[in-house]
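One file, target.cif, carrying mmCIF, C-alpha atoms (C1' of nucleotides); chains and numbers go by the auth columns:
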data_run
loop_
_atom_site.group_PDB
_atom_site.id
_atom_site.type_symbol
_atom_site.label_atom_id
_atom_site.label_comp_id
_atom_site.label_asym_id
_atom_site.label_seq_id
_atom_site.Cartn_x
_atom_site.Cartn_y
_atom_site.Cartn_z
_atom_site.B_iso_or_equiv
_atom_site.auth_seq_id
_atom_site.auth_asym_id
ATOM 1 C CA MET A 1 20.048 -31.480 7.208 0.00 1 A
ATOM 2 C CA LYS A 2 20.479 -27.934 5.951 0.00 2 A
ATOM 3 C CA SER A 3 21.541 -26.737 2.565 0.00 3 A
ATOM 4 C CA GLU A 4 21.428 -23.346 0.957 0.00 4 A
ATOM 5 C CA PRO A 5 19.160 -23.765 -2.060 0.00 5 A
ATOM 6 C CA ASN A 6 21.328 -21.535 -4.206 0.00 6 A
ATOM 7 C CA VAL A 7 24.196 -23.949 -3.528 0.00 7 A
ATOM 8 C CA TYR A 8 22.356 -27.288 -3.502 0.00 8 A
ATOM 9 C CA SER A 9 18.581 -27.546 -3.418 0.00 9 A
ATOM 10 C CA ILE A 10 16.018 -30.321 -3.179 0.00 10 A
ATOM 11 C CA ASP A 11 15.495 -29.870 -6.917 0.00 11 A
ATOM 12 C CA ASP A 12 19.154 -30.667 -7.476 0.00 12 A
ATOM 13 C CA LEU A 13 18.773 -33.812 -5.392 0.00 13 A
ATOM 14 C CA GLU A 14 15.585 -34.786 -7.199 0.00 14 A
ATOM 15 C CA ARG A 15 17.440 -34.512 -10.490 0.00 15 A
ATOM 16 C CA GLU A 16 20.564 -36.350 -9.329 0.00 16 A
ATOM 17 C CA LYS A 17 18.649 -38.871 -7.164 0.00 17 A
ATOM 18 C CA ARG A 18 21.594 -39.301 -4.807 0.00 18 A
ATOM 19 C CA THR A 19 24.521 -37.316 -3.516 0.00 19 A
ATOM 20 C CA ILE A 20 27.292 -37.351 -0.976 0.00 20 A
ATOM 21 C CA TRP A 21 26.608 -34.728 1.693 0.00 21 A
ATOM 22 C CA ASP A 22 30.037 -33.163 1.624 0.00 22 A
ATOM 23 C CA GLY A 23 31.468 -29.979 3.062 0.00 23 A
ATOM 24 C CA VAL A 24 30.332 -30.210 6.680 0.00 24 A
ATOM 25 C CA ARG A 25 33.185 -28.778 8.747 0.00 25 A
ATOM 26 C CA ASN A 26 31.796 -28.569 12.220 0.00 26 A
ATOM 27 C CA TYR A 27 32.669 -31.227 14.754 0.00 27 A
ATOM 28 C CA GLN A 28 29.265 -31.452 16.364 0.00 28 A
ATOM 29 C CA ALA A 29 27.556 -31.713 12.999 0.00 29 A
ATOM 30 C CA ARG A 30 30.077 -34.368 11.984 0.00 30 A
ATOM 31 C CA ASN A 31 29.306 -36.335 15.127 0.00 31 A
ATOM 32 C CA TYR A 32 25.620 -36.307 14.273 0.00 32 A
ATOM 33 C CA LEU A 33 26.440 -37.427 10.744 0.00 33 A
ATOM 34 C CA GLN A 34 28.414 -40.331 12.165 0.00 34 A
ATOM 35 C CA GLN A 35 25.422 -41.455 14.185 0.00 35 A
ATOM 36 C CA MET A 36 23.321 -41.862 11.066 0.00 36 A
ATOM 37 C CA GLN A 37 22.551 -45.325 9.822 0.00 37 A
ATOM 38 C CA VAL A 38 21.551 -46.729 6.458 0.00 38 A
ATOM 39 C CA GLY A 39 17.781 -46.487 6.128 0.00 39 A
ATOM 40 C CA ASP A 40 17.449 -43.416 8.328 0.00 40 A
ATOM 41 C CA ILE A 41 15.220 -40.658 6.994 0.00 41 A
ATOM 42 C CA ALA A 42 16.283 -37.022 7.042 0.00 42 A
ATOM 43 C CA PHE A 43 14.477 -33.768 6.453 0.00 43 A
ATOM 44 C CA PHE A 44 15.939 -31.562 3.738 0.00 44 A
ATOM 45 C CA TYR A 45 15.978 -27.978 4.999 0.00 45 A
ATOM 46 C CA HIS A 46 16.575 -24.906 2.850 0.00 46 A
ATOM 47 C CA SER A 47 18.579 -22.368 4.834 0.00 47 A
ATOM 48 C CA ASN A 48 19.788 -18.832 4.233 0.00 48 A
ATOM 49 C CA CYS A 49 17.057 -18.085 1.726 0.00 49 A
ATOM 50 C CA LYS A 50 13.852 -16.102 1.407 0.00 50 A
ATOM 51 C CA SER A 51 11.659 -18.603 3.207 0.00 51 A
ATOM 52 C CA PRO A 52 13.725 -21.057 5.244 0.00 52 A
ATOM 53 C CA SER A 53 11.747 -24.312 5.223 0.00 53 A
ATOM 54 C CA ILE A 54 11.731 -28.067 5.389 0.00 54 A
ATOM 55 C CA VAL A 55 11.188 -28.959 1.760 0.00 55 A
ATOM 56 C CA GLY A 56 11.317 -32.733 1.593 0.00 56 A
ATOM 57 C CA LEU A 57 12.733 -36.061 2.665 0.00 57 A
ATOM 58 C CA MET A 58 15.756 -38.132 1.854 0.00 58 A
ATOM 59 C CA MET A 59 17.135 -41.473 2.954 0.00 59 A
ATOM 60 C CA ILE A 60 20.609 -42.333 4.181 0.00 60 A
ATOM 61 C CA ILE A 61 21.936 -44.989 1.795 0.00 61 A
ATOM 62 C CA GLU A 62 25.595 -45.077 2.885 0.00 62 A
ATOM 63 C CA ALA A 63 26.884 -44.244 6.346 0.00 63 A
ATOM 64 C CA ASN A 64 30.170 -43.050 7.795 0.00 64 A
ATOM 65 C CA LEU A 65 31.951 -42.169 4.549 0.00 65 A
ATOM 66 C CA PRO A 66 35.120 -40.093 4.673 0.00 66 A
ATOM 67 C CA ASP A 67 34.271 -36.788 3.008 0.00 67 A
ATOM 68 C CA PRO A 68 36.434 -36.865 -0.157 0.00 68 A
ATOM 69 C CA THR A 69 36.659 -33.078 -0.380 0.00 69 A
ATOM 70 C CA GLN A 70 38.935 -32.998 2.684 0.00 70 A
ATOM 71 C CA PHE A 71 41.693 -34.657 0.615 0.00 71 A
ATOM 72 C CA ASP A 72 41.310 -32.401 -2.416 0.00 72 A
ATOM 73 C CA PRO A 73 43.684 -29.409 -2.385 0.00 73 A
ATOM 74 C CA LYS A 74 41.535 -27.717 -5.005 0.00 74 A
ATOM 75 C CA SER A 75 38.396 -27.957 -2.899 0.00 75 A
ATOM 76 C CA SER A 76 37.370 -25.128 -0.641 0.00 76 A
ATOM 77 C CA TYR A 77 36.687 -27.852 1.924 0.00 77 A
ATOM 78 C CA PHE A 78 40.273 -29.129 1.793 0.00 78 A
ATOM 79 C CA ASP A 79 41.701 -29.931 5.214 0.00 79 A
ATOM 80 C CA PRO A 80 45.507 -30.153 5.239 0.00 80 A
ATOM 81 C CA LYS A 81 45.422 -31.993 8.559 0.00 81 A
ATOM 82 C CA ALA A 82 43.328 -34.836 7.209 0.00 82 A
ATOM 83 C CA THR A 83 44.911 -37.909 5.643 0.00 83 A
ATOM 84 C CA VAL A 84 43.382 -40.883 3.872 0.00 84 A
ATOM 85 C CA GLU A 85 44.678 -43.054 6.729 0.00 85 A
ATOM 86 C CA HIS A 86 43.222 -40.717 9.310 0.00 86 A
ATOM 87 C CA PRO A 87 40.297 -38.796 7.849 0.00 87 A
ATOM 88 C CA ARG A 88 38.890 -36.048 9.988 0.00 88 A
ATOM 89 C CA TRP A 89 35.534 -35.504 8.287 0.00 89 A
ATOM 90 C CA PHE A 90 32.874 -38.108 7.739 0.00 90 A
ATOM 91 C CA THR A 91 29.507 -37.879 6.084 0.00 91 A
ATOM 92 C CA VAL A 92 26.752 -39.899 4.429 0.00 92 A
ATOM 93 C CA ARG A 93 25.312 -40.533 0.999 0.00 93 A
ATOM 94 C CA VAL A 94 21.644 -39.655 0.657 0.00 94 A
ATOM 95 C CA GLN A 95 18.927 -40.593 -1.789 0.00 95 A
ATOM 96 C CA TYR A 96 16.046 -38.411 -2.869 0.00 96 A
ATOM 97 C CA GLN A 97 12.805 -39.523 -1.274 0.00 97 A
ATOM 98 C CA GLU A 98 10.146 -36.891 -1.724 0.00 98 A
ATOM 99 C CA LYS A 99 9.519 -33.209 -2.196 0.00 99 A
ATOM 100 C CA PHE A 100 6.721 -31.805 -0.063 0.00 100 A
ATOM 101 C CA SER A 101 3.857 -30.338 -2.081 0.00 101 A
ATOM 102 C CA GLN A 102 3.639 -27.792 0.706 0.00 102 A
ATOM 103 C CA VAL A 103 6.921 -26.817 2.327 0.00 103 A
ATOM 104 C CA ILE A 104 6.991 -26.412 6.105 0.00 104 A
ATOM 105 C CA SER A 105 8.381 -22.998 6.896 0.00 105 A
ATOM 106 C CA LEU A 106 10.531 -22.127 9.855 0.00 106 A
ATOM 107 C CA THR A 107 7.783 -19.690 10.849 0.00 107 A
ATOM 108 C CA THR A 108 5.289 -22.547 11.034 0.00 108 A
ATOM 109 C CA LEU A 109 7.722 -24.751 12.932 0.00 109 A
ATOM 110 C CA LYS A 110 8.197 -21.988 15.476 0.00 110 A
ATOM 111 C CA THR A 111 4.481 -21.798 16.143 0.00 111 A
ATOM 112 C CA LYS A 112 4.246 -25.562 16.680 0.00 112 A
ATOM 113 C CA PHE A 113 7.396 -26.459 18.558 0.00 113 A
ATOM 114 C CA SER A 114 9.605 -25.078 21.301 0.00 114 A
ATOM 115 C CA GLY A 115 13.374 -24.836 21.043 0.00 115 A
ATOM 116 C CA ASP A 116 13.611 -27.765 23.435 0.00 116 A
ATOM 117 C CA GLU A 117 11.478 -29.963 21.216 0.00 117 A
ATOM 118 C CA LEU A 118 13.096 -28.987 17.936 0.00 118 A
ATOM 119 C CA LEU A 119 16.607 -27.573 17.856 0.00 119 A
ATOM 120 C CA ILE A 120 16.146 -25.886 14.508 0.00 120 A
ATOM 121 C CA VAL A 121 13.786 -23.336 16.021 0.00 121 A
ATOM 122 C CA ARG A 122 16.162 -22.552 18.850 0.00 122 A
ATOM 123 C CA LYS A 123 17.641 -19.097 18.658 0.00 123 A
ATOM 124 C CA GLY A 124 21.261 -18.982 17.623 0.00 124 A
ATOM 125 C CA ASN A 125 21.246 -22.482 16.190 0.00 125 A
ATOM 126 C CA ARG A 126 23.827 -22.751 13.429 0.00 126 A
ATOM 127 C CA LEU A 127 24.437 -26.461 13.131 0.00 127 A
ATOM 128 C CA SER A 128 23.869 -27.743 9.633 0.00 128 A
ATOM 129 C CA VAL A 129 23.035 -31.255 10.820 0.00 129 A
ATOM 130 C CA ILE A 130 20.568 -31.524 13.655 0.00 130 A
ATOM 131 C CA PRO A 131 18.871 -34.518 15.268 0.00 131 A
ATOM 132 C CA VAL A 132 15.079 -34.600 15.405 0.00 132 A
ATOM 133 C CA ALA A 133 13.295 -36.787 17.947 0.00 133 A
ATOM 134 C CA GLU A 134 11.154 -39.505 16.403 0.00 134 A
ATOM 135 C CA GLU A 135 7.887 -38.217 17.855 0.00 135 A
ATOM 136 C CA ILE A 136 8.625 -34.651 16.797 0.00 136 A
ATOM 137 C CA ALA A 137 9.529 -35.821 13.312 0.00 137 A
ATOM 138 C CA HIS A 138 6.212 -37.645 13.196 0.00 138 A
ATOM 139 C CA LYS A 139 4.318 -34.510 14.172 0.00 139 A
ATOM 140 C CA ILE A 140 6.177 -32.466 11.575 0.00 140 A
ATOM 141 C CA ARG A 141 5.181 -34.879 8.852 0.00 141 A
ATOM 142 C CA LEU A 142 1.541 -34.480 9.832 0.00 142 A
ATOM 143 C CA LEU A 143 1.666 -30.699 9.341 0.00 143 A
ATOM 144 C "C1'" DG B 1 22.803 -5.394 4.556 0.00 1 B
ATOM 145 C "C1'" DC B 2 22.584 -5.990 9.516 0.00 2 B
ATOM 146 C "C1'" DC B 3 23.650 -8.341 13.444 0.00 3 B
ATOM 147 C "C1'" DA B 4 23.251 -12.031 17.089 0.00 4 B
ATOM 148 C "C1'" DA B 5 25.205 -16.193 18.133 0.00 5 B
ATOM 149 C "C1'" DC B 6 28.421 -19.189 17.719 0.00 6 B
ATOM 150 C "C1'" DG B 7 33.080 -21.653 16.605 0.00 7 B
ATOM 151 C "C1'" DT B 8 37.987 -21.206 15.849 0.00 8 B
ATOM 152 C "C1'" DT B 9 42.508 -19.312 16.267 0.00 9 B
ATOM 153 C "C1'" DG B 10 46.459 -17.866 18.474 0.00 10 B
ATOM 154 C "C1'" DG B 11 48.981 -14.900 21.760 0.00 11 B
ATOM 155 C "C1'" DC B 12 49.997 -14.902 26.406 0.00 12 B
ATOM 156 C "C1'" DG C 1 43.804 -22.570 30.130 0.00 1 C
ATOM 157 C "C1'" DC C 2 42.041 -17.955 29.220 0.00 2 C
ATOM 158 C "C1'" DC C 3 40.197 -14.774 26.235 0.00 3 C
ATOM 159 C "C1'" DA C 4 40.234 -11.220 22.565 0.00 4 C
ATOM 160 C "C1'" DA C 5 39.906 -11.033 17.805 0.00 5 C
ATOM 161 C "C1'" DC C 6 38.170 -12.752 13.943 0.00 6 C
ATOM 162 C "C1'" DG C 7 35.316 -15.514 10.719 0.00 7 C
ATOM 163 C "C1'" DT C 8 30.969 -17.779 9.644 0.00 8 C
ATOM 164 C "C1'" DT C 9 26.122 -18.870 9.762 0.00 9 C
ATOM 165 C "C1'" DG C 10 21.681 -17.732 8.879 0.00 10 C
ATOM 166 C "C1'" DG C 11 17.330 -15.314 10.185 0.00 11 C
ATOM 167 C "C1'" DC C 12 15.372 -11.091 9.438 0.00 12 C
#

Please re-express this file's structure in structure tokens.
Amino acid sequence: MKSEPNVYSIDDLEREKRTIWDGVRNYQARNYLQQMQVGDIAFFYHSNCKSPSIVGLMMIIEANLPDPTQFDPKSSYFDPKATVEHPRWFTVRVQYQEKFSQVISLTTLKTKFSGDELLIVRKGNRLSVIPVAEEIAHKIRLL
DNA sequence: GCCAACGTTGGC
DNA sequence: GCCAACGTTGGC
């Protein structure tokens, strides 16, 4: 799961302990969010920054929540076509798990994995929520 | 700041 | 349904 560190970083999550992952407005990313289940582990990825990297881990503690920002006219994520009865955007609540003592940079990931193995290293990838195969995730954690 | 790679929008 | 125009993402 990607976040721009100048918007919301792993340090923010460490301080707050838990947060709702709001603001995702891409249907494919939403579909991946909806597949998540309580207890699932996710990588926290810092994007659009000096050294894009996986920086830590978090756990899904609530699944399939309507993203509240879609109902808020003052939010930049407001969606006029969404209603409380028929929400359009769903997300999860996550809990801080750990911050890696050594981050795993995109550069490193590219040397270890192909675009087929790990979508984040695939050229042109822009999805902010991306599935990682169990065995690949295991290998990443051993880096 | 640049630009490739998308996704979305809207005219037709 | 097609596709040009436009907006956004995100690495570099």

Practice item. Might you spell out which residues the PyMOL selection byres ((chain B and resi 1-3) around 10) would select in the displayed file, as a PyMOL selection string? Key: (chain B and resi 4-5) or (chain C and resi 11-12)

Review point. What residues in chain A lie within 9 Å of chain C, counting only C-alpha atoms (C1' of nucleotides), written as a VMD selection string?
Key: chain A and resid 47 to 49 52 124 to 127

Point to revise | Atomic separation - atom CA of Lys123 of chain A relative to atom CA of Thr107 of chain A, Å | key: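 Separation of atom CA of Thr107 of chain A and atom CA of Lys123 of chain A: 12.6 Å.
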
Practice item. Take the PyMOL selection byres ((chain A and resi 129-135) around 8), apply it to the structure above, and return the hits as a ChimeraX atom specification. Key: /A:1-2,29-30,32-33,117-120,127-128,136-139

For this structure, which residues satisfy the selection - the PyMOL selection byres ((chain A and resi 44) around 8) - when it is evaluated on the file as given? I want them as a PDB file with C-alpha atoms, keeping the file's coordinate frame.
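Result file is part-v5.pdb:
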ATOM      1  CA  MET A   1      20.048 -31.480   7.208  1.00  0.00           C
ATOM      2  CA  LYS A   2      20.479 -27.934   5.951  1.00  0.00           C
ATOM      3  CA  SER A   3      21.541 -26.737   2.565  1.00  0.00           C
ATOM      4  CA  ILE A  10      16.018 -30.321  -3.179  1.00  0.00           C
ATOM      5  CA  ALA A  42      16.283 -37.022   7.042  1.00  0.00           C
ATOM      6  CA  PHE A  43      14.477 -33.768   6.453  1.00  0.00           C
ATOM      7  CA  TYR A  45      15.978 -27.978   4.999  1.00  0.00           C
ATOM      8  CA  HIS A  46      16.575 -24.906   2.850  1.00  0.00           C
ATOM      9  CA  ILE A  54      11.731 -28.067   5.389  1.00  0.00           C
ATOM     10  CA  VAL A  55      11.188 -28.959   1.760  1.00  0.00           C
ATOM     11  CA  GLY A  56      11.317 -32.733   1.593  1.00  0.00           C
ATOM     12  CA  LEU A  57      12.733 -36.061   2.665  1.00  0.00           C
ATOM     13  CA  MET A  58      15.756 -38.132   1.854  1.00  0.00           C
TER      14      MET A  58
END

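For the atom pair formed by atom CA of Ser51 of chain A and atom CA of Gln34 of chain A, the distance is 28.9 Å, given to one decimal.
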
Review point. Mind pulling up the distance from atom CA of Asp12 of chain A to atom CA of Asn26 of chain A?
Key: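 Computing it gives 23.5 Å between the two atoms.
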